[in-house]
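Trainee: query03.tsv is reproduced below (TSV, C-alpha atoms).
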```tsv
chain	number	residue	atom	x	y	z
U	15	MET	CA	55.75	229.99	203.67
U	16	MET	CA	57.32	231.01	200.46
U	17	ARG	CA	60.50	229.05	201.19
U	18	GLN	CA	58.51	226.04	202.25
U	19	PHE	CA	56.50	226.18	199.04
U	20	ARG	CA	59.66	226.37	196.98
U	21	ILE	CA	61.13	223.40	198.79
U	22	ARG	CA	58.03	221.37	198.10
U	23	THR	CA	58.10	222.46	194.49
U	24	ILE	CA	61.71	221.29	194.16
U	25	ILE	CA	60.87	217.99	195.84
U	26	ASN	CA	58.00	217.48	193.40
U	27	TYR	CA	60.25	218.21	190.45
U	28	ARG	CA	62.76	215.69	191.73
U	29	LEU	CA	60.01	213.13	192.13
U	30	ILE	CA	58.81	213.76	188.61
U	31	ALA	CA	62.35	213.52	187.27
U	32	THR	CA	62.88	210.23	189.08
U	33	MET	CA	59.64	208.87	187.64
U	34	LEU	CA	60.71	209.89	184.16
U	35	VAL	CA	64.05	208.12	184.54
U	36	VAL	CA	62.34	204.94	185.75
U	37	ALA	CA	59.88	205.12	182.88
U	38	ALA	CA	62.71	205.57	180.41
U	39	LEU	CA	64.53	202.56	181.83
U	40	LEU	CA	61.39	200.47	181.53
U	41	VAL	CA	61.05	201.46	177.88
U	42	PHE	CA	64.45	199.91	177.17
U	43	VAL	CA	64.61	197.08	179.69
U	44	VAL	CA	61.19	195.50	179.12
U	45	PRO	CA	61.58	195.03	175.35
U	46	MET	CA	65.03	193.52	175.92
U	47	TYR	CA	63.53	190.99	178.29
U	48	MET	CA	60.59	190.26	176.00
U	49	SER	CA	62.75	189.81	172.93
U	50	LYS	CA	64.69	187.04	174.69
U	51	SER	CA	61.47	185.36	175.73
U	52	ALA	CA	59.98	185.86	172.28
U	53	GLN	CA	62.94	184.17	170.66
U	54	MET	CA	62.29	181.05	172.73
U	55	SER	CA	58.63	180.97	171.61
U	56	THR	CA	59.32	181.69	167.92
U	57	GLY	CA	62.30	179.45	167.28
U	58	GLY	CA	64.30	182.51	166.26
U	59	TYR	CA	62.28	182.88	163.04
U	60	PRO	CA	62.65	186.54	161.96
U	61	TYR	CA	59.07	187.04	160.70
U	62	ALA	CA	57.15	185.82	163.73
U	63	ASP	CA	55.34	189.17	163.95
U	64	ALA	CA	54.26	189.26	160.30
U	65	ARG	CA	50.60	189.36	159.44
U	66	HIS	CA	48.97	185.94	159.50
U	67	CYS	CA	45.80	185.10	157.59
U	68	ARG	CA	43.55	182.42	158.99
U	69	PRO	CA	41.95	179.93	156.57
U	70	ASN	CA	39.13	181.52	154.54
U	71	GLU	CA	39.78	184.94	156.10
U	72	LYS	CA	38.54	187.58	153.65
U	73	ASP	CA	40.53	190.65	152.60
U	74	CYS	CA	43.70	189.34	154.22
U	75	LYS	CA	46.93	189.44	152.25
U	76	TYR	CA	49.99	187.44	153.18
U	77	GLU	CA	53.41	189.04	153.23
U	78	ASN	CA	56.14	187.56	151.02
U	79	ASP	CA	59.42	186.42	152.56
U	80	PRO	CA	62.75	186.83	150.69
U	81	TRP	CA	62.71	183.19	149.50
U	82	GLY	CA	59.41	183.08	147.61
U	83	PHE	CA	57.06	181.86	150.37
U	84	PHE	CA	54.48	183.51	152.63
U	85	LYS	CA	55.66	184.62	156.04
U	86	ARG	CA	54.58	182.59	159.09
U	87	GLN	CA	53.73	179.60	156.91
U	88	CYS	CA	55.39	176.23	157.42
U	89	THR	CA	57.15	176.56	154.07
U	90	SER	CA	58.73	179.91	154.96
U	91	PHE	CA	59.97	178.64	158.31
U	92	VAL	CA	61.54	175.51	156.82
U	93	ALA	CA	63.19	177.57	154.05
U	94	TRP	CA	64.68	179.88	156.72
U	95	LYS	CA	65.78	176.89	158.81
U	96	MET	CA	67.46	175.20	155.85
U	97	ARG	CA	69.38	178.39	155.14
U	98	THR	CA	70.47	179.12	158.71
U	99	ALA	CA	70.92	175.64	160.19
U	100	ASN	CA	71.83	173.53	157.15
U	101	GLY	CA	73.75	176.18	155.22
U	102	VAL	CA	71.72	175.64	152.03
U	103	ASP	CA	70.85	178.46	149.60
U	104	PHE	CA	67.22	177.36	149.78
U	105	PHE	CA	64.50	179.23	147.88
U	106	ASN	CA	61.28	178.41	146.07
U	107	GLY	CA	62.70	178.19	142.55
U	108	MET	CA	66.06	176.59	143.37
U	109	LYS	CA	67.59	174.36	140.67
U	110	GLY	CA	64.84	175.33	138.24
U	111	GLY	CA	62.07	173.65	140.23
U	112	TRP	CA	59.16	175.12	142.17
U	113	PHE	CA	58.33	174.02	145.70
U	114	GLY	CA	55.13	176.05	146.11
U	115	ASN	CA	52.63	174.61	148.58
U	116	ALA	CA	53.86	171.94	150.97
U	117	ASN	CA	51.95	169.22	149.07
U	118	ASN	CA	54.33	169.75	146.15
U	119	TRP	CA	57.60	169.62	148.11
U	120	GLY	CA	58.25	165.90	147.82
U	121	PRO	CA	57.66	165.54	144.05
U	122	ASN	CA	59.55	168.77	143.34
U	123	ALA	CA	62.54	167.69	145.45
U	124	GLU	CA	62.75	164.41	143.53
U	125	ARG	CA	62.47	166.21	140.17
U	126	ILE	CA	65.46	168.41	140.97
U	127	GLY	CA	67.58	165.51	142.16
U	128	TYR	CA	67.07	165.11	145.92
U	129	ILE	CA	66.20	161.95	147.83
U	130	VAL	CA	62.75	161.50	149.33
U	131	ASN	CA	62.21	158.38	151.42
U	132	LYS	CA	60.82	157.10	154.69
U	133	THR	CA	64.08	157.51	156.62
U	134	PRO	CA	64.25	160.50	159.02
U	135	ALA	CA	67.53	162.31	159.66
U	136	VAL	CA	68.44	165.46	161.58
U	137	GLY	CA	68.23	168.38	159.16
U	138	SER	CA	65.87	166.60	156.76
U	139	ILE	CA	62.37	167.89	155.97
U	140	ALA	CA	59.31	165.98	157.13
U	141	TRP	CA	56.61	166.28	154.46
U	142	TRP	CA	52.86	165.68	154.67
U	143	ILE	CA	50.15	165.69	151.99
U	144	ASN	CA	46.68	166.83	153.03
U	145	SER	CA	43.64	168.73	151.76
U	146	ASN	CA	44.86	172.00	153.32
U	147	GLY	CA	47.86	172.35	151.02
U	148	GLY	CA	50.12	170.00	152.96
U	149	HIS	CA	52.66	170.63	155.68
U	150	VAL	CA	56.45	170.58	156.12
U	151	ALA	CA	58.63	170.62	159.23
U	152	TRP	CA	62.36	170.62	160.01
U	153	VAL	CA	63.64	167.46	161.73
U	154	SER	CA	65.58	168.43	164.86
U	155	ARG	CA	66.16	165.05	166.50
U	156	VAL	CA	65.95	161.34	165.73
U	157	ASP	CA	66.42	158.67	168.39
U	158	VAL	CA	64.83	155.53	169.78
U	159	THR	CA	62.00	157.58	171.28
U	160	GLY	CA	60.93	158.94	167.91
U	161	VAL	CA	61.26	161.84	165.47
U	162	TYR	CA	61.21	165.44	166.72
U	163	VAL	CA	60.59	168.54	164.62
U	164	GLU	CA	60.46	172.31	164.60
U	165	GLU	CA	57.56	173.77	162.65
U	166	TYR	CA	55.27	176.74	162.01
U	167	ASN	CA	51.52	176.99	161.45
U	168	ASP	CA	50.74	173.39	162.32
U	169	ASP	CA	47.79	174.82	164.28
U	170	PHE	CA	46.78	177.25	161.44
U	171	ASN	CA	47.50	180.16	163.81
U	172	GLY	CA	50.97	180.91	162.45
U	173	ASN	CA	52.65	179.74	165.65
U	174	TYR	CA	55.94	177.97	166.32
U	175	ARG	CA	56.01	174.45	167.77
U	176	THR	CA	58.78	172.02	168.64
U	177	GLY	CA	58.27	168.44	169.75
U	178	PRO	CA	57.56	164.92	168.49
U	179	ILE	CA	55.82	164.52	165.14
U	180	ARG	CA	52.06	164.23	165.53
U	181	SER	CA	51.50	161.86	162.62
U	182	GLU	CA	53.54	159.78	160.19
U	183	PRO	CA	54.79	161.95	157.28
U	184	ASN	CA	54.42	160.95	153.65
U	185	GLY	CA	58.20	161.15	153.45
U	186	TYR	CA	61.44	162.84	154.44
U	187	ILE	CA	63.22	165.15	152.00
U	188	HIS	CA	67.02	165.04	152.15
U	189	ILE	CA	68.59	168.28	150.89
U	190	LYS	CA	71.66	168.46	153.14
U	191	ASP	CA	71.13	166.49	156.32
U	192	LEU	CA	73.13	167.59	159.34
U	193	SER	CA	74.03	164.30	160.98
U	194	ASP	CA	72.87	161.56	158.68
U	195	SER	CA	75.78	159.31	157.75
U	196	GLY	CA	73.76	157.23	155.33
U	197	THR	CA	73.18	154.72	158.11
U	198	SER	CA	69.85	155.95	159.45
U	199	GLY	CA	66.98	153.54	159.01
U	200	VAL	CA	65.49	150.44	160.55
U	201	TYR	CA	66.31	146.76	160.41
U	202	LEU	CA	64.20	143.94	159.05
U	203	ASN	CA	60.55	144.02	160.23
U	204	GLY	CA	60.83	147.74	161.04
U	205	ALA	CA	63.02	147.19	164.08
U	206	ASN	CA	65.22	149.74	165.81
U	207	GLY	CA	67.72	147.61	167.63
U	208	ILE	CA	71.05	145.84	167.73
U	209	LEU	CA	72.38	143.74	164.86
U	210	ALA	CA	74.47	140.71	165.83
U	211	ILE	CA	76.28	139.02	162.95
U	212	ASN	CA	77.07	135.32	163.28
U	213	ARG	CA	79.87	134.51	160.84
U	214	ASN	CA	79.43	130.77	161.39
U	215	GLY	CA	75.69	130.27	161.43
U	216	ALA	CA	74.00	126.91	161.91
U	217	SER	CA	72.29	127.49	158.57
U	218	GLY	CA	75.65	127.31	156.81
U	219	THR	CA	75.53	131.03	156.11
U	220	THR	CA	76.47	134.30	157.77
U	221	GLU	CA	73.38	135.04	159.87
U	222	MET	CA	71.67	138.21	161.08
U	223	HIS	CA	70.27	138.23	164.63
U	224	ILE	CA	68.34	141.43	165.37
U	225	ILE	CA	67.74	142.30	169.02
U	226	ASP	CA	64.70	144.48	169.72
U	227	GLY	CA	65.85	147.96	170.76
U	228	THR	CA	62.78	148.44	172.96
U	229	ASN	CA	63.00	145.04	174.61
U	230	VAL	CA	66.52	143.60	174.53
U	231	LYS	CA	65.26	140.32	175.99
U	232	ARG	CA	63.84	139.28	172.64
U	233	PHE	CA	64.84	138.93	168.98
U	234	VAL	CA	62.92	140.67	166.23
U	235	ALA	CA	64.44	138.35	163.64
U	236	GLN	CA	67.07	135.63	163.31
U	237	VAL	CA	67.68	134.88	159.65
U	238	PRO	CA	70.25	133.31	157.33
U	239	THR	CA	71.62	135.49	154.55
U	240	ALA	CA	72.73	135.03	150.96
U	241	LEU	CA	76.34	135.19	152.19
U	242	HIS	CA	78.21	131.97	152.96
U	243	ARG	CA	80.01	131.48	156.28
U	244	THR	CA	82.74	134.06	156.89
U	245	THR	CA	84.77	132.50	159.66
U	246	ASP	CA	88.17	134.09	159.02
U	247	ASP	CA	89.40	137.66	159.56
U	248	ASN	CA	89.21	138.34	155.83
U	249	TRP	CA	85.76	139.93	156.29
U	250	ASP	CA	84.48	143.11	157.93
U	251	PHE	CA	80.88	144.31	158.26
U	252	ASP	CA	78.82	147.48	158.51
U	253	VAL	CA	75.28	148.62	157.72
U	254	ALA	CA	73.79	151.36	155.52
U	255	ASP	CA	70.70	151.87	153.39
U	256	TYR	CA	72.05	151.04	149.91
U	257	ASN	CA	68.78	150.94	147.95
U	258	ARG	CA	67.05	153.78	149.83
U	259	ASP	CA	64.07	151.74	150.99
U	260	GLY	CA	64.46	152.83	154.63
U	261	VAL	CA	65.80	149.42	155.72
U	262	LEU	CA	69.46	149.02	156.65
U	263	ASP	CA	71.37	146.67	154.39
U	264	LEU	CA	74.37	144.54	155.39
U	265	TYR	CA	77.72	145.50	153.84
U	266	ALA	CA	80.16	142.58	153.85
U	267	ILE	CA	83.67	143.77	152.96
U	268	LYS	CA	86.02	141.07	151.70
U	269	ARG	CA	89.59	142.21	152.21
U	270	ASN	CA	91.21	139.67	149.91
U	271	GLY	CA	88.84	139.50	146.96
U	272	SER	CA	89.34	138.27	143.41
U	273	ASN	CA	91.47	140.19	140.90
U	274	ASN	CA	93.61	141.47	143.78
U	275	ARG	CA	90.87	143.84	144.93
U	276	THR	CA	88.88	144.52	148.08
U	277	GLU	CA	85.28	143.50	147.37
U	278	ILE	CA	81.88	144.66	148.63
U	279	HIS	CA	78.91	142.28	148.97
U	280	ILE	CA	75.63	143.97	149.96
U	281	VAL	CA	72.88	141.83	151.48
U	282	ASP	CA	69.33	143.19	151.16
U	283	GLY	CA	68.22	144.20	154.66
U	284	ALA	CA	64.54	143.70	153.78
U	285	ASN	CA	65.18	140.32	152.13
U	286	PRO	CA	68.46	138.88	153.49
U	287	GLY	CA	68.27	135.87	151.21
U	288	ARG	CA	69.45	137.94	148.26
U	289	PHE	CA	72.26	140.30	147.31
U	290	LEU	CA	71.60	143.86	146.18
U	291	ALA	CA	75.08	144.21	144.72
U	292	GLN	CA	78.49	142.52	144.59
U	293	PHE	CA	81.47	144.39	143.17
U	294	SER	CA	85.20	144.89	143.36
U	295	THR	CA	86.60	148.31	144.27
U	296	ALA	CA	89.46	150.64	143.44
U	297	LEU	CA	91.24	149.40	146.57
U	298	HIS	CA	93.85	146.66	146.32
U	299	THR	CA	93.63	143.59	148.54
U	300	THR	CA	93.90	144.44	152.22
U	301	ASP	CA	94.42	142.59	155.50
U	302	ALA	CA	93.50	142.79	159.18
U	303	ASN	CA	95.50	146.02	159.38
U	304	TRP	CA	92.59	147.75	157.63
U	305	ASP	CA	89.29	148.78	159.21
U	306	PHE	CA	86.12	149.70	157.29
U	307	ALA	CA	83.06	151.88	157.80
U	308	VAL	CA	80.20	152.87	155.52
U	309	ALA	CA	78.65	156.34	155.28
U	310	ASP	CA	77.56	158.87	152.65
U	311	TYR	CA	80.62	161.14	152.46
U	312	ASN	CA	79.68	163.14	149.36
U	313	ARG	CA	75.94	163.28	150.09
U	314	ASP	CA	74.82	161.87	146.75
U	315	GLY	CA	72.44	159.45	148.45
U	316	THR	CA	74.67	156.38	148.02
U	317	PRO	CA	76.74	155.23	151.01
U	318	ASP	CA	80.51	155.37	150.46
U	319	ILE	CA	83.14	153.03	151.91
U	320	TYR	CA	85.76	154.34	154.33
U	321	ALA	CA	88.90	152.16	154.24
U	322	ILE	CA	91.18	152.98	157.17
U	323	ASN	CA	94.80	151.88	156.95
U	324	ARG	CA	96.18	151.71	160.48
U	325	ARG	CA	99.81	151.62	159.31
U	326	ASP	CA	100.35	153.58	156.12
U	327	THR	CA	104.04	153.22	155.31
U	328	GLY	CA	104.09	156.18	152.92
U	329	SER	CA	102.95	158.74	155.49
U	330	ASN	CA	103.84	156.83	158.69
U	331	SER	CA	100.33	157.66	159.89
U	332	THR	CA	96.84	156.23	159.95
U	333	ALA	CA	95.48	156.94	156.46
U	334	ILE	CA	91.91	157.11	155.14
U	335	HIS	CA	90.77	156.09	151.66
U	336	ILE	CA	87.13	156.84	150.74
U	337	ILE	CA	85.69	154.72	147.91
U	338	ASN	CA	82.82	156.22	145.91
U	339	GLY	CA	79.71	154.13	146.60
U	340	ALA	CA	78.13	155.15	143.29
U	341	ASN	CA	81.32	154.34	141.36
U	342	PRO	CA	83.39	151.92	143.46
U	343	HIS	CA	86.32	151.97	141.02
U	344	GLN	CA	86.95	155.58	142.02
U	345	PHE	CA	88.37	157.13	145.18
U	346	ILE	CA	86.71	160.30	146.47
U	347	GLN	CA	89.55	161.03	148.87
U	348	GLN	CA	92.85	159.50	149.98
U	349	SER	CA	94.54	161.22	152.87
U	350	ALA	CA	97.03	160.77	155.67
U	351	THR	CA	95.75	161.94	159.06
U	352	GLY	CA	97.09	163.63	162.17
U	353	LEU	CA	97.01	160.26	163.92
U	354	ASN	CA	100.24	158.29	164.07
U	355	ALA	CA	100.40	154.76	162.71
U	356	THR	CA	98.20	152.52	164.86
U	357	ASN	CA	97.65	148.77	165.32
U	358	GLU	CA	94.93	146.23	166.10
U	359	ASN	CA	94.39	147.86	169.50
U	360	TRP	CA	92.58	150.65	167.65
U	361	ASP	CA	89.01	150.64	166.36
U	362	PHE	CA	87.30	153.29	164.23
U	363	SER	CA	83.86	154.75	163.80
U	364	LEU	CA	82.14	157.79	162.21
U	365	ALA	CA	79.88	160.50	163.65
U	366	ASP	CA	79.42	164.26	163.48
U	367	TYR	CA	81.17	165.34	166.69
U	368	ASN	CA	81.17	169.13	166.17
U	369	ARG	CA	77.76	169.29	164.45
U	370	ASP	CA	79.04	170.99	161.32
U	371	GLY	CA	77.21	168.56	159.06
U	372	ASN	CA	80.35	166.58	158.21
U	373	LEU	CA	81.34	163.18	159.53
U	374	ASP	CA	84.32	163.07	161.86
U	375	VAL	CA	86.50	160.02	162.48
U	376	TYR	CA	86.49	158.48	165.96
U	377	ALA	CA	89.71	156.56	166.68
U	378	ILE	CA	89.34	154.41	169.81
U	379	ASN	CA	92.51	153.22	171.52
U	380	ARG	CA	91.69	150.15	173.59
U	381	GLN	CA	95.06	150.25	175.40
U	382	ASP	CA	95.92	153.88	176.15
U	383	THR	CA	98.88	153.87	178.53
U	384	GLY	CA	98.70	157.59	179.33
U	385	SER	CA	95.20	157.49	180.80
U	386	ASN	CA	95.22	153.77	181.68
U	387	SER	CA	91.83	153.53	179.97
U	388	THR	CA	90.14	153.17	176.61
U	389	ALA	CA	90.79	156.55	174.96
U	390	VAL	CA	89.00	158.46	172.20
U	391	HIS	CA	90.64	160.63	169.53
U	392	VAL	CA	88.31	162.51	167.17
U	393	LEU	CA	89.71	163.66	163.82
U	394	ASN	CA	88.02	166.61	162.10
U	395	GLY	CA	86.21	165.37	159.00
U	396	ASN	CA	86.99	168.69	157.27
U	397	ASN	CA	90.68	168.54	158.18
U	398	LEU	CA	91.96	165.07	158.98
U	399	ASN	CA	95.20	166.49	160.37
U	400	GLN	CA	93.31	168.25	163.16
U	401	PHE	CA	92.01	166.67	166.37
U	402	LEU	CA	88.68	167.82	167.79
U	403	LEU	CA	89.09	165.74	170.94
U	404	GLN	CA	91.68	163.52	172.61
U	405	THR	CA	90.76	162.08	175.99
U	406	GLY	CA	90.72	159.02	178.18
U	407	THR	CA	87.31	157.63	179.10
U	408	VAL	CA	85.53	156.03	182.04
U	409	LEU	CA	86.05	152.63	180.41
U	410	HIS	CA	89.06	150.60	181.54
U	411	LYS	CA	91.56	149.25	179.04
U	412	THR	CA	89.97	146.78	176.64
U	413	ASP	CA	91.14	144.25	174.03
U	414	ALA	CA	90.10	142.74	170.71
U	415	ASN	CA	87.03	141.22	172.38
U	416	TRP	CA	85.57	144.74	172.44
U	417	ALA	CA	84.16	146.44	169.34
U	418	PHE	CA	83.13	150.10	169.02
U	419	LYS	CA	80.55	151.74	166.74
```
Mind converting the file's structure to structure tokens?

Mentor:
Amino acid sequence: MMRQFRIRTIINYRLIATMLVVAALLVFVVPMYMSKSAQMSTGGYPYADARHCRPNEKDCKYENDPWGFFKRQCTSFVAWKMRTANGVDFFNGMKGGWFGNANNWGPNAERIGYIVNKTPAVGSIAWWINSNGGHVAWVSRVDVTGVYVEEYNDDFNGNYRTGPIRSEPNGYIHIKDLSDSGTSGVYLNGANGILAINRNGASGTTEMHIIDGTNVKRFVAQVPTALHRTTDDNWDFDVADYNRDGVLDLYAIKRNGSNNRTEIHIVDGANPGRFLAQFSTALHTTDANWDFAVADYNRDGTPDIYAINRRDTGSNSTAIHIINGANPHQFIQQSATGLNATNENWDFSLADYNRDGNLDVYAINRQDTGSNSTAVHVLNGNNLNQFLLQTGTVLHKTDANWAFK
């Protein structure tokens, strides 16, 4: 009996020990699992567990975050997002201003030199004015389906939400947008769509024909412009919001302008019958060997002009010259690239391929013999001698009848 009792006692001890081990494992494993789930429901915001005070809750004190806002408020989340996603040293009193409540964010941003307009861009701040102190959210996506945001405390419960905006903001604040090239906006009559430029319009002008992006079977507008007919290859075109009204304006680049200069003629997108600006540039006269694109390189709010020389004799490469949009008699950058000299088989465009907040250069080879297709070469906007991508595509070889943007 004694031996049997001892055996049972040992068995019980082993059982207890096993239970303790399992309990210990649960202590470590469960929080690990929950933390991963919690991150998905909090957007990664580090103060999701901070105390939250409901409206009019008595004897409740908010906790301060490191940037001068209250934790779990929309302002604190956007400040954290601007710091971590946009790489901005964002805090309440930056540049001598004071953001304070969300209602004040738009006016304060303008006072300290940032753009506030009706044009959304990834990485911009959506801003609302209301009787509850206002609201701000971080813009995560912009496409034809709408504007999407990440935000905190939209429900007054201090919770995280991501999804489409629920109402039209009073404006968008542009501190350091992640993917905006200066070309976000809408066309005439508020359209998101396709712009077709007729160089030889029946009106005797260069005409704008805007196809509805939501119904490509119809035109939103077909209008003459202030620009005469441009039937030769002396002209190139692009769009960008020059006057910051949220409507895309038409940039007409004249390669062989007066005074031996390349000229820029900007047609008002909201009123195509007038010019917003006409000026010569720092660039000498050019020819069909040059391609042009428009985007805000230096993020000063004014679109800059990219002049791409397919055959730069000095460097024996494709070279890029960026003209300052705010001071067109000045170059911001002039650089050879890692791409060999090209020809009219190549087209060029701009986009942020690696999502670092800087525009990269897409070089499209219509006649790539290696892949027997139309090929794409992406040059790093931070280092134009480095390729981010070089690949053939699903598209067969093309010719000058094909354009790429």

Trainee: Can you tell me which residues surround U:Ser331 at a distance of at most 10 Å, considering all atoms listed in the file, apart from same-chain residues fewer than 6 positions away, and format the answer as a tab-separated table (two decimals) with C-alpha atoms, keeping the file's coordinate frame?

Mentor:
```
chain	number	residue	atom	x	y	z
U	323	ASN	CA	94.80	151.88	156.95
U	324	ARG	CA	96.18	151.71	160.48
U	325	ARG	CA	99.81	151.62	159.31
U	349	SER	CA	94.54	161.22	152.87
U	350	ALA	CA	97.03	160.77	155.67
U	351	THR	CA	95.75	161.94	159.06
U	352	GLY	CA	97.09	163.63	162.17
U	353	LEU	CA	97.01	160.26	163.92
U	354	ASN	CA	100.24	158.29	164.07
U	355	ALA	CA	100.40	154.76	162.71
U	356	THR	CA	98.20	152.52	164.86
```

Trainee: Which residue, U:Ala417, U:Leu264, U:Ala93, U:Ala254, has the smallest gap to U:Pro317 when you use all atoms listed in the file?

Mentor: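 Of U:Ala417, U:Leu264, U:Ala93, U:Ala254, the one nearest U:Pro317 is U:Ala254, counting all atoms listed in the file.
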
Trainee: Pick out the residues sitting within 10 Å of U:Asn167, and hand them over as a compact mmCIF listing (two decimals) with C-alpha atoms, in the coordinates of the input; count only C-alpha atoms, and ignore anything fewer than 2 positions along from it in its own chain.

Mentor:
```
# COMPACT_ATOMS: atom_id res chain seq x y z
CA HIS U 66 48.97 185.94 159.50
CA ARG U 68 43.55 182.42 158.99
CA ARG U 86 54.58 182.59 159.09
CA GLN U 87 53.73 179.60 156.91
CA CYS U 88 55.39 176.23 157.42
CA THR U 89 57.15 176.56 154.07
CA PHE U 91 59.97 178.64 158.31
CA HIS U 149 52.66 170.63 155.68
CA VAL U 150 56.45 170.58 156.12
CA ALA U 151 58.63 170.62 159.23
CA GLU U 165 57.56 173.77 162.65
CA ASP U 169 47.79 174.82 164.28
CA PHE U 170 46.78 177.25 161.44
CA ASN U 171 47.50 180.16 163.81
CA GLY U 172 50.97 180.91 162.45
CA ASN U 173 52.65 179.74 165.65
CA TYR U 174 55.94 177.97 166.32
CA ARG U 175 56.01 174.45 167.77
```

Trainee: Write out as a PDB file with C-alpha atoms, in the coordinates of the input the residues lying within 7 Å of U:Thr219, counting all atoms listed in the file and excluding same-chain residues fewer than 6 positions away.

Mentor:
```pdb
ATOM      1  CA  PRO U 238      70.250 133.310 157.330  1.00  0.00           C
ATOM      2  CA  THR U 239      71.620 135.490 154.550  1.00  0.00           C
ATOM      3  CA  LEU U 241      76.340 135.190 152.190  1.00  0.00           C
ATOM      4  CA  HIS U 242      78.210 131.970 152.960  1.00  0.00           C
ATOM      5  CA  ARG U 243      80.010 131.480 156.280  1.00  0.00           C
TER       6      ARG U 243
END
```

Trainee: How close does each residue of stretch 269-355 of chain U get to stretch 368-381 of chain U, giving the shortest atom pair and distance in Å to one decimal for every residue with an atom at most 9 Å away, counting only C-alpha atoms, sorted by chain and residue number, as CSV?

Mentor:
```
residue,atom,partner,partner_atom,distance
U:Ala309,CA,U:Leu373,CA,8.5
U:Asp310,CA,U:Leu373,CA,9.0
U:Tyr311,CA,U:Leu373,CA,7.4
U:Leu353,CA,U:Ala377,CA,8.6
```

Trainee: Pick from U:Val130, U:Ser181, U:Leu364, U:Asn359: nearest to U:Gly260, with all atoms listed in the file counted?

Mentor: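 Under the stated criterion, the closest residue is U:Val130.
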
Trainee: Using all atoms listed in the file, which residue out of U:Phe251, U:Tyr265, U:Tyr59, U:Phe345 lies closest to U:His298?

Mentor: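 Distance minimum relative to U:His298 lands on U:Phe345.
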
Trainee: Which distance in Å separates atom CA of U:Ala302 and atom CA of U:Asn399, to one decimal?

Mentor: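 So the two atoms, atom CA of U:Ala302 and atom CA of U:Asn399, lie 23.8 Å apart.
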